Structures are given as structure tokens and as C-alpha cells.
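A short write-up of the structure that comes next.
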Amino acid sequence: MSLLSLALSLVFLLLSFLAPNTLTAFLGLGALGVAAFARLEPRVRTLNLALLTLAFTLFLRSSGNTLGLIGLVGILVALTTLPRIPRGIRVALGLAILLLSVPIAGFANTFIFELGIQIGIFAAMSLGLNVVVGMAGLLDLGYAAFFAVGAYTWAIFGSPQAGKFLQGNFPLPGEYMYLFMLIAVVTTAITGLLIGLPALRLRGDYLAIVTLGLGEVVRILANNLDHPINITNGPQGITPVGRPPIDWFRSLMGALGVRLDETTDYQLFFYLLVLVMIGLVVLANVNLANSRFGRAWVAIREDEIAAQAMGIPLLPTKLIAFMTGAAFSGVMGVIYGAQRTFVSPESFTLLASITILAMVILGGMGSIPGAILGAAALTILNLDILKTFSEFVRTSLPWIPSQVDPAKYERLVFGLILILMMIYRPQGLIPEARHRAELEEEA
Amino acid sequence: MKVLEVQGVTKRFGGLVAVNQVSLEVNEGEIFSVIGPNGAGKTTFFNLLTGIYTPDEGRILFLGQDITGSTPDKAAKLGIGRTFQNIRLFGAMTVLENILVGRHIHTRVPYLHALLRTPLARKEERKALEEALSLLEYVGLLHRKDELARNLPYGEQRKLEIARALALKPKLLLLDEPAAGMNPKETEALQEFILKIRSERGLTILLIEHDMRLVMRISDRIAVLDYGSKIAEGKPEEVRKNPRVIEAYLGRGAAGGAA
């Protein structure tokens, strides 16, 4: 088995040089499946994963095919979940993938940067929602509202828009984006407080409905606040939203020997910025989970009455969870607006809230690696697989009517995924440690 | 010193008077039992004391402070710990985490310190962990610390629930049918345990219990509720002989009264 698995990885490595095409990518994914699931000696498995990392990187460099990115995500999942891999190797390979493989692939195909940034933004948000839904058990269907508030916080002041209703010199210089990331934490936390104060008095389904409604209120406000005073510029959205100047970043990269051009410099910058943000968000998540706040949230999820009998005040504790989740989302909103240089109400619909919720559920409620994996899987599905598939249908199977274009059935696919998950794996792809223990003992 | 004073407390649910003009006083260090037939209003009475319900009439004083109509979390902060008739543990949390939640009000970590895991937060966490472990050792559940609460056998779940209430460091402990579902041997161990925590932790204990042998052996004083009203109060031997109590439990004929 070990030999077969190693042979497969080596063949894939070889083919990545000779014929980096879609078939090769599928062979690579197969090799990864064998390396992850076959019964292998830990050392062989580790070697295998390292080989595959190298192979997928080479493959991406020569082809830019996004299937390679799925392979890299798969390796990351294997590194976080499989037992008995030395800790140092996990960290080293993980960092190599995030800091070397993905940027190398991004230079071959800038769409990979785009995917990486989107995955990162959504991963950070699903980590925020994970605090609210996963830990505290508060079903929030209006989470995109906080993303919107964060995005607009910077979009209004980082573009000429603020000049339409305020005296002063707008847009603010791009460096202010960093400051506005902090300001967005405050504005979204306040929004969380305003939405949470009435909503969090309710439980379960009622809470879900009210958050859904209040989330829509925020989007509709963004849509309609172009009169009497033009604050949000209504449905047209705001553009161009400022970006921070990155001359320091270009010279830093130049010093490291990385040559950047006009299109890739900001992509790489935002990709790395998003990575840093995920690092911070994960750290905050872990710290909170292991504090009196995290325990109080889980206690409330488990039994509100018992939690209260332990001296945990319900409303304030739930509000803190709500505001924490909101703040994570708000920061990512600022980055989202700056990266796309365009913000409009369309990005913050109910579907966006449900997408983020689906990421949390797919990954495993309460689980930190799960939330990140859920974000990666659904973002890739959404932006890449469905689009590629419909492209394939349009060109290769032209007799299929355009009404059944797979890209139009995003919601259907989400729904199917959620139903299948609920039936076959309700604890999520990477369950929270608590749930995992629970299910193992039941088995 | 009086730990608890209940003055003419009444609670109605629609037309039903669940607790009717009940007054009683509990002294420091006492084990005071509340007994009565099913549906006599005992658990409602507990829920009034801990702020789950607000009384329609009357006042409740805890250590001389009026706590009528306060919330459960405030009652807990003031020093009233409780267990529940149908065990309410945090099932998906470990035994240790259950105790740590019990220590919630004693772990003073501001939000930003917890978020950044500052030295202050680490110090408080370490202290909480040490105290939780020593409490688990005290109640004899240390070997179970990493198990999920819901996987514990029934008797140990009862014990863990009491331990979790002890983690609050309460002055008054309310136990709602702690011996329910226990065999005589387990009940005996429970009796020892209750007496031990009373003397070693300086607790005052208010107990609801159906097991009469336990109640008679352990209580300093007993109050009897029937249809929401207090029909008797006194030392165990007094209550045992009280004709109204016998009537409430066994019916008129048994009390020897005229038909």
C-alpha cells in the first residue's frame, strides 16, 4: 500500500512536468485521496503529503488550473486533521502552501489570488459567525448586515462619496484603510448591539426570523439612503473605494526577489493581508473559546436555565457573542470593499448570510478548522467549480438548454449540500472536539 | 443569623395558586427540608427563591437583602446555588468544564484581556483550573474530569450537579430532589455527602426531597407544603406526628379523623 501510494504521487509529480492538464489534476487528487485515507505508516504519509505539495505547486505553476488549488486545500485539511504527523512538519508544510505554493500559482493565474482572497474573507467571516451560531447557539440569519456595515464604513470615507454630505477633503488617503479597520470594529459592534438588543430576547426560530428581518433592513437602508441625503449612493453602489498605497510592499517584495507587475501587486498584498487577518481571527477565536466567555456561550447553548443558575446573565453574554461575531465580519468588510474598489447593496443579500451559515454548518458548528474548510469549499464551488462546469456544458453539450445552466443553480446546490450533510454527517466535515468525543463514544 | 426569610409569598398561574402565602425562615448552618405530595408547589417555591419566577405577593430576603423578583443570575451572584429536579448539566461539555462554568462569577477576566489572553487572563484561568480540579477531587470525580457530562452514570451526574453548584461558593444551597432515582446505598452516601459539605463548607441547605428516611435523618427542621400552602413546620419528630401532614400524605382515614 505504501509503495503504491508513493508511486502514485511520484507519477503525478512527473506528469506535472510533462503534461499539466485536467486529467493529471484528477490523478493528483486521486493520489491525495490514497495518501490521506489508505492505511499508511505515518512517516510514509508525511513524505507523501510533502511530495504532493511539491507536485501540486509545480502543476499550478505550469498550468494555473484551479483544480490544483483544490489539491492544496485538501493537503491543508489532511495536515490539520490526520493523526501522528510531527507538529513541525504540519506547520512547515502548511506555511509553505500558504506562503509559497499559492502565490506561485497566483502568478501563473491571477484568478487563484482572487479565489484565495475570497476564501480568506469568507473564512474570517465564518469564524465570526461560528462564535454566534457554533458556540453560543444563536441562529443568526442576518449576518451579512455586519459585513455591509464594515464595507460601507470604509467605502463612504475612502471614496469621494463622503463629500456629498460632509464638508472636508474626500476621499481620505488610502492609508486610512488600516484605521478604518479599527473603526469598522466599533461601528459593526454597535450595529450588533442595536440589532441584538431587541432580537436576542427571543429564542430559536424567532431569533432567526428577527435577525433575518433586521439584516434585510440594513441592506435596504444601504439601497435607499441616496436621498434625501446621499450617504450610500443607493443601488449604484460606491466606486472607486480607496486602497492603501503599497510602495513599501513592492520594495519589500523586490528585496525578496519577487517581481510584481500592475495586476499582481495588489492581489498578492491583499492575499497576504487576508492571511494575517485570518491568523488574528483564529487567535481571537481560540482565546475566547478557552476563556470564561467561551464557556459561558457554550453553557447557554447547552442549557439557558442552568447557565443562569451559574450566575451567567443571558442577554449581556449573548450580546457579547453577537458583537464579537459582528466585529470579525466588519473588519473583513473593509478589506472586501478596498480589494474590489466597489461596494454595492447586492453583495449583502440574504443569500450571502445563508452562504456564510452554510460554510459554518458544512465545516462543523463550533469547529475552527471546520469553519475555514467550509469557507474554502463553498467559495471554490461557487466561484470556480460551478462556473467551470457550466462553461463545459455550454461548449461541449450545446443541446442542453441554457435554462439548466449549473451556475444558475447555486442555491439548489447549497440546499442539496446542506440536506446531504444533515442526513449523513450532521456534525460537519471537521467536527468540534466536543462533538467528536460525543459521537465516538456513541459509536 | 437568618440566611433566608420568606414572607407571605404567593404565586398564581392563571386560576391555579401554586404557592399560597408561604412564610418561613432558614437559619445559618441549618438543613431545612421542604416536603409535600406531588404537585404541592415545592419546585415552584424553589423557582421563586432563585428568581426564575417572580412572586405575585410577598417578599423574599436573602441575608437581609430583598431579592424579590431578581433574576436567576443575580440570585446566583448573591450566593444562592441550586440543583435541578431533572438534572440540568451542560451535556456536551466535559466534567471539568461544567465546574469551570460554575466558577464563572469568580473568574474576573475583562473581555479584552480574554480576547488577547493577557497575563491577567492566564493567571485567572490557572487559578480557576486549580480550584476546579481541587473541587473535583473533593467530591471524588477527578478521575472523570475529561469525560462529557452526559456520559456519566446517573449517580455521578447528580454529584456533578451539586459540585457545579458548590463551585459558585454559595452561602445557601438549594437541592431539588437530590436522591431521586437512587438506591438505598447511594442515598446513604448522599446523606454523608450533604452533611460533609454543610460542615466543611459552612453551607446552609434547603432541600426538597421525597425520600422520607433521608429527610427525617438529615433535617434540622422541615416545612410541609400541600396545595401550595404551608401546613406544618418543625423538627422532624414533630412533623412526623402532625395529623395534618399524615392526612395530606395518606388521606383522611389514615389520620384517624372522622369521615
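By convention here, the chains of the C-alpha cells are called A, B, ... in the order presented, each chain's residues are numbered starting at 1, and ligands are numbered starting at 1 in the order presented.
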So that each row is one residue of chain A with an atom at most 8 Å from chain B, can you give its shortest atom pair and the distance in Å to one decimal, using only C-alpha atoms, rows by chain and rising number, as a Markdown table?
| residue | atom | partner | partner_atom | distance |
| --- | --- | --- | --- | --- |
| A:Ala284 | CA | B:Leu115 | CA | 5.5 |
| A:Asn285 | CA | B:Leu115 | CA | 7.9 |
| A:Asn287 | CA | B:Leu115 | CA | 5.6 |
| A:Leu288 | CA | B:Leu115 | CA | 5.5 |
| A:Ser291 | CA | B:Ala114 | CA | 6.0 |
| A:Arg292 | CA | B:His104 | CA | 6.2 |
| A:Phe293 | CA | B:Tyr111 | CA | 7.8 |
| A:Arg295 | CA | B:Val101 | CA | 6.2 |
| A:Ala296 | CA | B:Val101 | CA | 6.4 |
| A:Val298 | CA | B:Met93 | CA | 7.9 |
| A:Ala299 | CA | B:Phe90 | CA | 6.0 |
| A:Glu302 | CA | B:Phe90 | CA | 5.4 |
| A:Asp303 | CA | B:Phe90 | CA | 6.4 |
| A:Ala306 | CA | B:Arg88 | CA | 6.1 |
| A:Ala307 | CA | B:Val101 | CA | 7.9 |
| A:Gln308 | CA | B:Asp73 | CA | 4.8 |
| A:Ala309 | CA | B:Pro72 | CA | 5.6 |
| A:Met310 | CA | B:Gly102 | CA | 5.3 |
| A:Gly311 | CA | B:Asp73 | CA | 3.9 |
| A:Ile312 | CA | B:Asp73 | CA | 5.5 |
| A:Pro313 | CA | B:Asp73 | CA | 5.4 |
| A:Arg434 | CA | B:Ala92 | CA | 6.4 |
| A:His435 | CA | B:Ala92 | CA | 7.1 |
| A:Ala437 | CA | B:Leu148 | CA | 7.9 |
| A:Glu438 | CA | B:Leu148 | CA | 7.3 |
Could you pull the residues within 7 Å of Phe62 (chain B), counting only C-alpha atoms, minus those fewer than 4 positions along the same chain, as a list of chain:residue names?
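Final neighbour list, sorted by chain and number: B:Val3, B:Leu4, B:Glu5, B:Asp66, B:Ile67.
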List as a list in words the protein and nucleic acid residues near Phe46 (chain B), meaning an atom at most 10 Å away when only C-alpha atoms are counted, but skip any in the same chain fewer than 3 places from it.
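Everything that qualifies: Val34, Gly41, Lys42, Thr43, Leu49, Thr50, Gly51, Ile52, Tyr53, Arg82, Phe84, Leu174, Leu175, Asp176, Leu206, Leu207 and Ile208 of chain B.
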Residues from last step as file, all heavy atoms, as a compact mmCIF listing (two decimals), in the first residue's frame:
# COMPACT_ATOMS: atom_id res chain seq x y z
N VAL B 34 -38.07 20.95 52.59
CA VAL B 34 -39.43 21.25 52.18
C VAL B 34 -39.99 19.97 51.58
O VAL B 34 -39.44 19.45 50.61
CB VAL B 34 -39.47 22.39 51.14
CG1 VAL B 34 -40.90 22.66 50.70
CG2 VAL B 34 -38.85 23.64 51.72
N GLY B 41 -46.22 22.25 45.06
CA GLY B 41 -45.65 23.58 44.81
C GLY B 41 -44.22 23.74 45.29
O GLY B 41 -43.73 24.86 45.39
N LYS B 42 -43.54 22.62 45.55
CA LYS B 42 -42.19 22.71 46.11
C LYS B 42 -41.20 23.31 45.10
O LYS B 42 -40.45 24.23 45.41
CB LYS B 42 -41.69 21.31 46.53
CG LYS B 42 -42.60 20.61 47.52
CD LYS B 42 -42.05 19.26 47.92
CE LYS B 42 -41.95 18.27 46.79
NZ LYS B 42 -43.24 17.73 46.30
N THR B 43 -41.24 22.76 43.88
CA THR B 43 -40.29 23.25 42.88
C THR B 43 -40.62 24.69 42.49
O THR B 43 -39.71 25.52 42.29
CB THR B 43 -40.27 22.32 41.66
OG1 THR B 43 -39.79 21.04 42.08
CG2 THR B 43 -39.37 22.84 40.58
N LEU B 49 -37.55 31.43 44.77
CA LEU B 49 -36.36 31.85 45.53
C LEU B 49 -35.21 32.20 44.60
O LEU B 49 -34.45 33.12 44.87
CB LEU B 49 -35.90 30.72 46.47
CG LEU B 49 -36.87 30.28 47.56
CD1 LEU B 49 -36.22 29.21 48.43
CD2 LEU B 49 -37.30 31.47 48.41
N THR B 50 -35.07 31.47 43.48
CA THR B 50 -33.92 31.69 42.60
C THR B 50 -34.22 32.66 41.46
O THR B 50 -33.40 32.85 40.58
CB THR B 50 -33.42 30.37 42.00
OG1 THR B 50 -34.54 29.68 41.43
CG2 THR B 50 -32.79 29.50 43.04
N GLY B 51 -35.42 33.26 41.49
CA GLY B 51 -35.69 34.31 40.51
C GLY B 51 -36.17 33.82 39.17
O GLY B 51 -36.29 34.60 38.23
N ILE B 52 -36.43 32.52 39.02
CA ILE B 52 -36.98 32.05 37.74
C ILE B 52 -38.41 32.56 37.60
O ILE B 52 -38.82 32.98 36.53
CB ILE B 52 -36.91 30.51 37.66
CG1 ILE B 52 -35.43 30.09 37.55
CG2 ILE B 52 -37.70 30.00 36.46
CD1 ILE B 52 -35.22 28.60 37.45
N TYR B 53 -39.15 32.55 38.70
CA TYR B 53 -40.48 33.19 38.73
C TYR B 53 -40.41 34.39 39.67
O TYR B 53 -39.62 34.43 40.60
CB TYR B 53 -41.55 32.24 39.26
CG TYR B 53 -41.75 30.98 38.46
CD1 TYR B 53 -41.99 29.77 39.12
CD2 TYR B 53 -41.70 30.98 37.07
CE1 TYR B 53 -42.18 28.61 38.41
CE2 TYR B 53 -41.89 29.82 36.36
CZ TYR B 53 -42.13 28.63 37.02
OH TYR B 53 -42.31 27.49 36.33
N ARG B 82 -27.92 26.18 43.24
CA ARG B 82 -29.03 25.23 43.21
C ARG B 82 -28.74 24.06 42.27
O ARG B 82 -27.89 24.14 41.39
CB ARG B 82 -30.32 25.91 42.78
CG ARG B 82 -30.39 26.22 41.31
CD ARG B 82 -31.80 26.60 40.91
NE ARG B 82 -32.72 25.47 40.97
CZ ARG B 82 -34.01 25.56 40.69
NH1 ARG B 82 -34.54 26.72 40.37
NH2 ARG B 82 -34.77 24.50 40.73
N PHE B 84 -31.16 20.89 40.06
CA PHE B 84 -32.49 20.79 39.46
C PHE B 84 -33.05 19.39 39.64
O PHE B 84 -32.31 18.41 39.71
CB PHE B 84 -32.42 21.16 37.98
CG PHE B 84 -32.03 22.58 37.74
CD1 PHE B 84 -30.69 22.94 37.66
CD2 PHE B 84 -33.00 23.57 37.62
CE1 PHE B 84 -30.32 24.26 37.46
CE2 PHE B 84 -32.63 24.88 37.41
CZ PHE B 84 -31.30 25.23 37.33
N LEU B 174 -29.59 25.12 47.35
CA LEU B 174 -30.92 24.56 47.17
C LEU B 174 -30.80 23.25 46.41
O LEU B 174 -30.33 23.23 45.28
CB LEU B 174 -31.80 25.55 46.35
CG LEU B 174 -32.54 26.65 47.09
CD1 LEU B 174 -31.60 27.45 47.95
CD2 LEU B 174 -33.25 27.57 46.13
N LEU B 175 -31.22 22.16 47.05
CA LEU B 175 -31.13 20.85 46.39
C LEU B 175 -32.54 20.36 46.09
O LEU B 175 -33.35 20.17 47.00
CB LEU B 175 -30.41 19.84 47.29
CG LEU B 175 -28.98 20.19 47.70
CD1 LEU B 175 -28.45 19.17 48.70
CD2 LEU B 175 -28.08 20.24 46.48
N ASP B 176 -32.83 20.16 44.81
CA ASP B 176 -34.18 19.74 44.41
C ASP B 176 -34.17 18.24 44.14
O ASP B 176 -33.69 17.80 43.10
CB ASP B 176 -34.61 20.53 43.17
CG ASP B 176 -36.11 20.45 42.93
OD1 ASP B 176 -36.75 19.56 43.52
OD2 ASP B 176 -36.63 21.28 42.17
N LEU B 206 -31.15 24.09 51.79
CA LEU B 206 -32.60 23.96 51.67
C LEU B 206 -32.83 22.79 50.72
O LEU B 206 -32.28 22.76 49.63
CB LEU B 206 -33.17 25.26 51.10
CG LEU B 206 -34.67 25.49 51.16
CD1 LEU B 206 -35.17 25.45 52.58
CD2 LEU B 206 -35.00 26.85 50.56
N LEU B 207 -33.65 21.83 51.19
CA LEU B 207 -33.73 20.56 50.48
C LEU B 207 -35.17 20.24 50.14
O LEU B 207 -36.05 20.34 50.99
CB LEU B 207 -33.15 19.49 51.42
CG LEU B 207 -33.10 18.03 50.99
CD1 LEU B 207 -32.00 17.81 50.00
CD2 LEU B 207 -32.87 17.16 52.23
N ILE B 208 -35.42 19.86 48.89
CA ILE B 208 -36.71 19.26 48.55
C ILE B 208 -36.45 17.78 48.39
O ILE B 208 -35.50 17.41 47.70
CB ILE B 208 -37.24 19.79 47.20
CG1 ILE B 208 -37.63 21.25 47.30
CG2 ILE B 208 -38.46 18.98 46.76
CD1 ILE B 208 -38.18 21.81 46.02
Would you give me, as a VMD selection string, the residues in region 17-234 of chain B that DSSP reads as alpha helix (DSSP H)?
chain B and resid 42 to 49 72 to 78 95 to 102 111 to 116 119 to 139 154 to 167 184 to 201 212 to 218
To one decimal place, how far is CA of Lys2 (chain B) from CA of Glu192 (chain B) in Å?
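Calculated distance between CA of Lys2 (chain B) and CA of Glu192 (chain B) is 24.6 Å.
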Give me, as a PDB file with all heavy atoms, in the first residue's frame, all polymer residues having an atom no more than 9 Å from Arg201 (chain A), counting only C-alpha atoms and skipping those fewer than 3 positions away in the same chain.
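File produced: around_29.pdb:
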ATOM      1  N   GLY A 196     -28.956  43.291  18.235  1.00  0.00           N
ATOM      2  CA  GLY A 196     -29.031  42.254  19.255  1.00  0.00           C
ATOM      3  C   GLY A 196     -29.957  42.605  20.407  1.00  0.00           C
ATOM      4  O   GLY A 196     -30.633  41.736  20.943  1.00  0.00           O
ATOM      5  N   LEU A 197     -29.995  43.881  20.784  1.00  0.00           N
ATOM      6  CA  LEU A 197     -30.793  44.257  21.954  1.00  0.00           C
ATOM      7  C   LEU A 197     -32.239  43.800  21.847  1.00  0.00           C
ATOM      8  O   LEU A 197     -32.747  43.164  22.768  1.00  0.00           O
ATOM      9  CB  LEU A 197     -30.717  45.761  22.199  1.00  0.00           C
ATOM     10  CG  LEU A 197     -29.698  46.195  23.253  1.00  0.00           C
ATOM     11  CD1 LEU A 197     -29.685  47.705  23.402  1.00  0.00           C
ATOM     12  CD2 LEU A 197     -29.963  45.535  24.600  1.00  0.00           C
ATOM     13  N   PRO A 198     -32.928  44.106  20.739  1.00  0.00           N
ATOM     14  CA  PRO A 198     -34.284  43.546  20.647  1.00  0.00           C
ATOM     15  C   PRO A 198     -34.287  42.062  20.280  1.00  0.00           C
ATOM     16  O   PRO A 198     -35.063  41.289  20.840  1.00  0.00           O
ATOM     17  CB  PRO A 198     -34.937  44.375  19.534  1.00  0.00           C
ATOM     18  CG  PRO A 198     -33.806  44.872  18.715  1.00  0.00           C
ATOM     19  CD  PRO A 198     -32.645  45.039  19.638  1.00  0.00           C
ATOM     20  N   LEU A 207     -35.666  34.084  16.944  1.00  0.00           N
ATOM     21  CA  LEU A 207     -34.423  34.844  16.791  1.00  0.00           C
ATOM     22  C   LEU A 207     -33.987  34.819  15.324  1.00  0.00           C
ATOM     23  O   LEU A 207     -33.614  35.846  14.756  1.00  0.00           O
ATOM     24  CB  LEU A 207     -33.337  34.241  17.686  1.00  0.00           C
ATOM     25  CG  LEU A 207     -31.946  34.841  17.496  1.00  0.00           C
ATOM     26  CD1 LEU A 207     -31.932  36.289  17.945  1.00  0.00           C
ATOM     27  CD2 LEU A 207     -30.899  34.050  18.266  1.00  0.00           C
ATOM     28  N   LEU A 314     -28.036  36.235  30.793  1.00  0.00           N
ATOM     29  CA  LEU A 314     -28.263  35.795  29.410  1.00  0.00           C
ATOM     30  C   LEU A 314     -28.029  36.891  28.388  1.00  0.00           C
ATOM     31  O   LEU A 314     -27.198  36.751  27.494  1.00  0.00           O
ATOM     32  CB  LEU A 314     -29.691  35.259  29.257  1.00  0.00           C
ATOM     33  CG  LEU A 314     -29.988  33.918  29.907  1.00  0.00           C
ATOM     34  CD1 LEU A 314     -31.386  33.455  29.512  1.00  0.00           C
ATOM     35  CD2 LEU A 314     -28.968  32.877  29.480  1.00  0.00           C
ATOM     36  N   LEU A 315     -28.783  37.995  28.516  1.00  0.00           N
ATOM     37  CA  LEU A 315     -28.745  38.993  27.451  1.00  0.00           C
ATOM     38  C   LEU A 315     -27.343  39.574  27.243  1.00  0.00           C
ATOM     39  O   LEU A 315     -26.849  39.591  26.117  1.00  0.00           O
ATOM     40  CB  LEU A 315     -29.794  40.078  27.709  1.00  0.00           C
ATOM     41  CG  LEU A 315     -29.980  41.072  26.579  1.00  0.00           C
ATOM     42  CD1 LEU A 315     -30.427  40.379  25.301  1.00  0.00           C
ATOM     43  CD2 LEU A 315     -30.968  42.152  26.959  1.00  0.00           C
TER      44      LEU A 315
END
From a DSSP pass on the backbone, collect the residues of region 17-195 of chain B flagged as strand (DSSP E) and hand them back as a PyMOL selection string.
chain B and resi 17-27+31-35+57-62+65-66+80-82+172-176
Which residues come within 8 Å of Thr81 (chain A), counting only C-alpha atoms, excluding same-chain residues fewer than 3 positions away, as a PDB file with C-alpha atoms, in the first residue's frame?
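And here's part-v4.pdb as it stands now:
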ATOM      1  CA  VAL A  77      -7.115  19.649   5.589  1.00  0.00           C
ATOM      2  CA  ALA A  78      -5.062  16.452   5.787  1.00  0.00           C
ATOM      3  CA  ILE A 430     -14.330  18.608  10.795  1.00  0.00           C
TER       4      ILE A 430
END
Surrounding residues of Gly337 (chain A) excluding itself and chain neighbours under 2 positions, 8 Å, only C-alpha atoms, as JSON, numbers by chain:
{"A": [151, 152, 154, 155, 241, 333, 334, 335, 339, 340, 341, 342, 343]}
With N, CA, C and O atoms kept, could you save the residues just selected as a PDB file, in the first residue's frame?
ATOM      1  N   ALA A 151     -18.103  47.217   5.235  1.00  0.00           N
ATOM      2  CA  ALA A 151     -17.707  47.623   3.886  1.00  0.00           C
ATOM      3  C   ALA A 151     -18.066  49.084   3.636  1.00  0.00           C
ATOM      4  O   ALA A 151     -17.253  49.855   3.124  1.00  0.00           O
ATOM      5  N   TYR A 152     -19.283  49.476   4.034  1.00  0.00           N
ATOM      6  CA  TYR A 152     -19.695  50.864   3.808  1.00  0.00           C
ATOM      7  C   TYR A 152     -18.931  51.848   4.684  1.00  0.00           C
ATOM      8  O   TYR A 152     -18.702  52.988   4.289  1.00  0.00           O
ATOM      9  N   TRP A 154     -15.868  51.971   5.350  1.00  0.00           N
ATOM     10  CA  TRP A 154     -14.681  52.458   4.635  1.00  0.00           C
ATOM     11  C   TRP A 154     -15.058  53.013   3.264  1.00  0.00           C
ATOM     12  O   TRP A 154     -14.520  54.041   2.848  1.00  0.00           O
ATOM     13  N   ALA A 155     -16.012  52.374   2.586  1.00  0.00           N
ATOM     14  CA  ALA A 155     -16.330  52.800   1.222  1.00  0.00           C
ATOM     15  C   ALA A 155     -16.767  54.269   1.195  1.00  0.00           C
ATOM     16  O   ALA A 155     -16.371  55.016   0.296  1.00  0.00           O
ATOM     17  N   VAL A 241     -13.445  52.799  -4.388  1.00  0.00           N
ATOM     18  CA  VAL A 241     -13.061  52.791  -2.983  1.00  0.00           C
ATOM     19  C   VAL A 241     -11.541  52.728  -2.913  1.00  0.00           C
ATOM     20  O   VAL A 241     -10.912  51.977  -3.654  1.00  0.00           O
ATOM     21  N   GLY A 333     -15.240  43.262   5.941  1.00  0.00           N
ATOM     22  CA  GLY A 333     -15.974  44.129   5.022  1.00  0.00           C
ATOM     23  C   GLY A 333     -15.099  45.247   4.482  1.00  0.00           C
ATOM     24  O   GLY A 333     -15.139  45.570   3.285  1.00  0.00           O
ATOM     25  N   VAL A 334     -14.292  45.848   5.356  1.00  0.00           N
ATOM     26  CA  VAL A 334     -13.392  46.926   4.924  1.00  0.00           C
ATOM     27  C   VAL A 334     -12.437  46.392   3.850  1.00  0.00           C
ATOM     28  O   VAL A 334     -12.258  46.999   2.786  1.00  0.00           O
ATOM     29  N   ILE A 335     -11.846  45.230   4.131  1.00  0.00           N
ATOM     30  CA  ILE A 335     -10.887  44.667   3.181  1.00  0.00           C
ATOM     31  C   ILE A 335     -11.587  44.328   1.864  1.00  0.00           C
ATOM     32  O   ILE A 335     -11.054  44.582   0.778  1.00  0.00           O
ATOM     33  N   GLN A 339     -10.483  45.843  -1.629  1.00  0.00           N
ATOM     34  CA  GLN A 339      -9.908  44.933  -2.619  1.00  0.00           C
ATOM     35  C   GLN A 339     -10.664  45.035  -3.945  1.00  0.00           C
ATOM     36  O   GLN A 339     -10.067  45.046  -5.013  1.00  0.00           O
ATOM     37  N   ARG A 340     -11.998  45.139  -3.862  1.00  0.00           N
ATOM     38  CA  ARG A 340     -12.776  45.200  -5.102  1.00  0.00           C
ATOM     39  C   ARG A 340     -12.946  46.617  -5.614  1.00  0.00           C
ATOM     40  O   ARG A 340     -13.447  46.824  -6.721  1.00  0.00           O
ATOM     41  N   THR A 341     -12.583  47.588  -4.781  1.00  0.00           N
ATOM     42  CA  THR A 341     -12.762  49.029  -5.041  1.00  0.00           C
ATOM     43  C   THR A 341     -14.211  49.380  -5.359  1.00  0.00           C
ATOM     44  O   THR A 341     -14.503  50.432  -5.906  1.00  0.00           O
ATOM     45  N   PHE A 342     -15.135  48.507  -4.999  1.00  0.00           N
ATOM     46  CA  PHE A 342     -16.543  48.747  -5.337  1.00  0.00           C
ATOM     47  C   PHE A 342     -17.407  48.090  -4.275  1.00  0.00           C
ATOM     48  O   PHE A 342     -17.176  46.936  -3.907  1.00  0.00           O
ATOM     49  N   VAL A 343     -18.397  48.855  -3.773  1.00  0.00           N
ATOM     50  CA  VAL A 343     -19.308  48.304  -2.774  1.00  0.00           C
ATOM     51  C   VAL A 343     -20.726  48.630  -3.189  1.00  0.00           C
ATOM     52  O   VAL A 343     -21.029  49.788  -3.505  1.00  0.00           O
TER      53      VAL A 343
END
Could you jot down the CA of Ser134 (chain B) to CA of Leu120 (chain B) separation for me, Å, one decimal place?
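Those two atoms sit 21.3 Å apart.
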Considering only C-alpha atoms, return as JSON, numbers by chain whatever protein or nucleic-acid residues lie within 12 Å of Ser402 (chain A), sequence-local ones (same chain, fewer than 6 positions apart) excluded.
{"A": [390, 391, 393, 394, 395, 408, 409]}
Those same residues - N, CA and C atoms - I'd like them written as a short mmCIF file (atom, residue, chain, number, x, y, z; two decimals), in the first residue's frame.
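New file out-v1.cif:
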data_model
loop_
_atom_site.label_atom_id
_atom_site.label_comp_id
_atom_site.auth_asym_id
_atom_site.auth_seq_id
_atom_site.Cartn_x
_atom_site.Cartn_y
_atom_site.Cartn_z
N SER A 390 -20.46 24.94 -15.88
CA SER A 390 -21.43 25.47 -16.84
C SER A 390 -20.75 25.87 -18.14
N GLU A 391 -19.50 26.29 -18.05
CA GLU A 391 -18.70 26.55 -19.24
C GLU A 391 -18.59 25.28 -20.09
N VAL A 393 -20.60 22.71 -19.96
CA VAL A 393 -21.90 22.35 -20.52
C VAL A 393 -22.18 23.18 -21.76
N ARG A 394 -21.86 24.47 -21.71
CA ARG A 394 -22.18 25.35 -22.83
C ARG A 394 -21.37 24.98 -24.08
N THR A 395 -20.10 24.65 -23.88
CA THR A 395 -19.28 24.39 -25.05
C THR A 395 -19.40 22.95 -25.53
N LYS A 408 -26.53 28.81 -12.56
CA LYS A 408 -27.73 29.47 -12.05
C LYS A 408 -28.33 28.71 -10.88
N TYR A 409 -27.79 27.55 -10.59
CA TYR A 409 -28.41 26.70 -9.57
C TYR A 409 -27.61 26.63 -8.30
#
Could you check how far CA of Arg244 (chain B) sits from CA of Asp220 (chain B), in Å to one decimal?
20.0 Å
